[in-house]
Amino acid sequence: MTLIFAHRGSKGTHPENTLASIREAVNIGADGVEIDVHLSKDKELIVIHDETVDRTTDGSGIIKRMFLKEIKKLDAGSWFNPIYKNEKIPTLAEVVNLLNNMEFKGILNIEIKTDKTRYWGIERELAKFLKSQELSFSYIYSSFNIKSLIKINRFDKNAKKAWLIKNIDLESRNMIRFKNSNIFEGLHPNIKRLKNKDETIKTITKKIRPWTVNKKEDMIYCFKRNVDAIITDYPKEALALREEYNKN
C-alpha cells in the first residue's frame, strides 16, 4: 500500500512546518510527516522550509544569522490565516516532543536543508539529537544535497536516507552513485519528472516517494504503480482517495 506523507505537516490546510500543521497530520492519520530542518546561529535545529523567515512569518532575516530567541518572537501563522497568529517556528525538539506525546507510530521524514546554504555541523547535530531520544516513531533523512546524506551516514548509519531530486537523469554521476550505494534507501523525485519518465520506476529498486503529489490524477497514478509513498500538501484528501481506490 502506498503510504501518505504529509508535506510540511498538512501544508494545504495549516501554516506549514508549524506544530498546528504537524498535529493535524497526525490527527487525520497520515502515515508520515515531512519537515525541513535548518541550523540557527546558536546551533539550534529549526523547523522551517525557507532559508529566511520572510515568507512565513511577520519578520525578516536569515535563519543562519538569527538566534533562537529572535526566531521565537515571530508570528508564523497569521500569514496563512489570522486564527493561527499564536503559531511559532518550532525547533526539532518541540516537533519530536509533540509526536511522542501524540504517540505517533508513523515515519518522520526530515529534510536536511543544505542544498542552498551550508550549515556547518548540521549533520552531526541532527544525528546526535535523534539518537539521544526515545521515539514512538521511525525517521528518514532526506536531502537534495547528496553529500549531506553521505555525511550523516557517518553519524547515524542505521537510519534510512533518501535522495531528493528535481530532474531524473539515470546517467548522471550522482544517480550512478545513488543506485550503486547501500547508503541510500529511497529516492524522492518530483512527480512531474517521474511521470515524464514513467519507465524509470522499473529501473530503480529502492523506495520511491514522489513529491509534491497534490492532484487527484497524480495520486491515482502513484497508487496504480504502487510507489512506496507520496508526499502531499493534502494528506486528508489523499487518505480518503487511497481508501476509495483500494475498495475499487
# chains A, B, ... in the order shown; residues from 1 in each chain; ligands from 1

$ select_by_dssp --residues "stretch 8-244 of chain A" --states "helix (DSSP H, G or I)" --output "VMD selection string"
chain A and resid 19 to 27 63 to 65 68 to 71 82 to 84 92 to 101 122 to 131 146 to 155 173 to 180 191 to 196 200 to 203 216 to 224 235 to 244

$ residues_around --residues "A:Leu130" --least-positions-apart "5" --cutoff "12 Å" --atoms "only C-alpha atoms" --output "PDB file with C-alpha atoms, in the first residue's frame"
ATOM      1  CA  LEU A  45      17.748  22.754  14.912  1.00  0.00           C
ATOM      2  CA  LEU A  92      13.065  19.914  16.071  1.00  0.00           C
ATOM      3  CA  ALA A  93      12.947  19.097  19.782  1.00  0.00           C
ATOM      4  CA  VAL A  95       8.287  18.565  16.986  1.00  0.00           C
ATOM      5  CA  VAL A  96       9.687  15.342  18.429  1.00  0.00           C
ATOM      6  CA  ASN A  97       8.059  16.082  21.787  1.00  0.00           C
ATOM      7  CA  LEU A 108       9.129  11.399  10.357  1.00  0.00           C
ATOM      8  CA  ILE A 110      13.465  15.083   7.968  1.00  0.00           C
ATOM      9  CA  GLU A 123      24.508  16.562  10.165  1.00  0.00           C
ATOM     10  CA  ARG A 124      26.355  15.835  13.392  1.00  0.00           C
ATOM     11  CA  GLU A 125      23.898  17.871  15.499  1.00  0.00           C
ATOM     12  CA  LEU A 135      10.937   7.871  19.896  1.00  0.00           C
ATOM     13  CA  SER A 136       7.452   6.491  19.324  1.00  0.00           C
ATOM     14  CA  PHE A 137       8.091   6.732  15.569  1.00  0.00           C
ATOM     15  CA  SER A 138      10.768   5.946  12.984  1.00  0.00           C
ATOM     16  CA  TYR A 139      12.559   8.510  10.833  1.00  0.00           C
ATOM     17  CA  ILE A 140      14.162   9.081   7.453  1.00  0.00           C
ATOM     18  CA  TYR A 141      16.752  11.665   6.453  1.00  0.00           C
ATOM     19  CA  ILE A 152      25.118  11.988   8.096  1.00  0.00           C
ATOM     20  CA  PHE A 155      26.934   9.639  12.482  1.00  0.00           C
ATOM     21  CA  ASP A 156      23.735   7.599  12.062  1.00  0.00           C
ATOM     22  CA  ASN A 158      21.251   2.667  10.789  1.00  0.00           C
ATOM     23  CA  ALA A 159      18.862   5.456   9.805  1.00  0.00           C
TER      24      ALA A 159
END

$ closest_atom_pairs --of "stretch 178-198 of chain A" --to "stretch 204-219 of chain A" --cutoff "7 Å" --atoms "only C-alpha atoms" --output "tab-separated table"
residue	atom	partner	partner_atom	distance
A:Glu185	CA	A:Lys206	CA	5.8
A:Gly186	CA	A:Lys207	CA	4.2
A:Leu187	CA	A:Ile208	CA	5.0
A:His188	CA	A:Arg209	CA	4.8
A:Pro189	CA	A:Pro210	CA	4.8
A:Asn190	CA	A:Trp211	CA	5.1
A:Ile191	CA	A:Pro210	CA	5.2
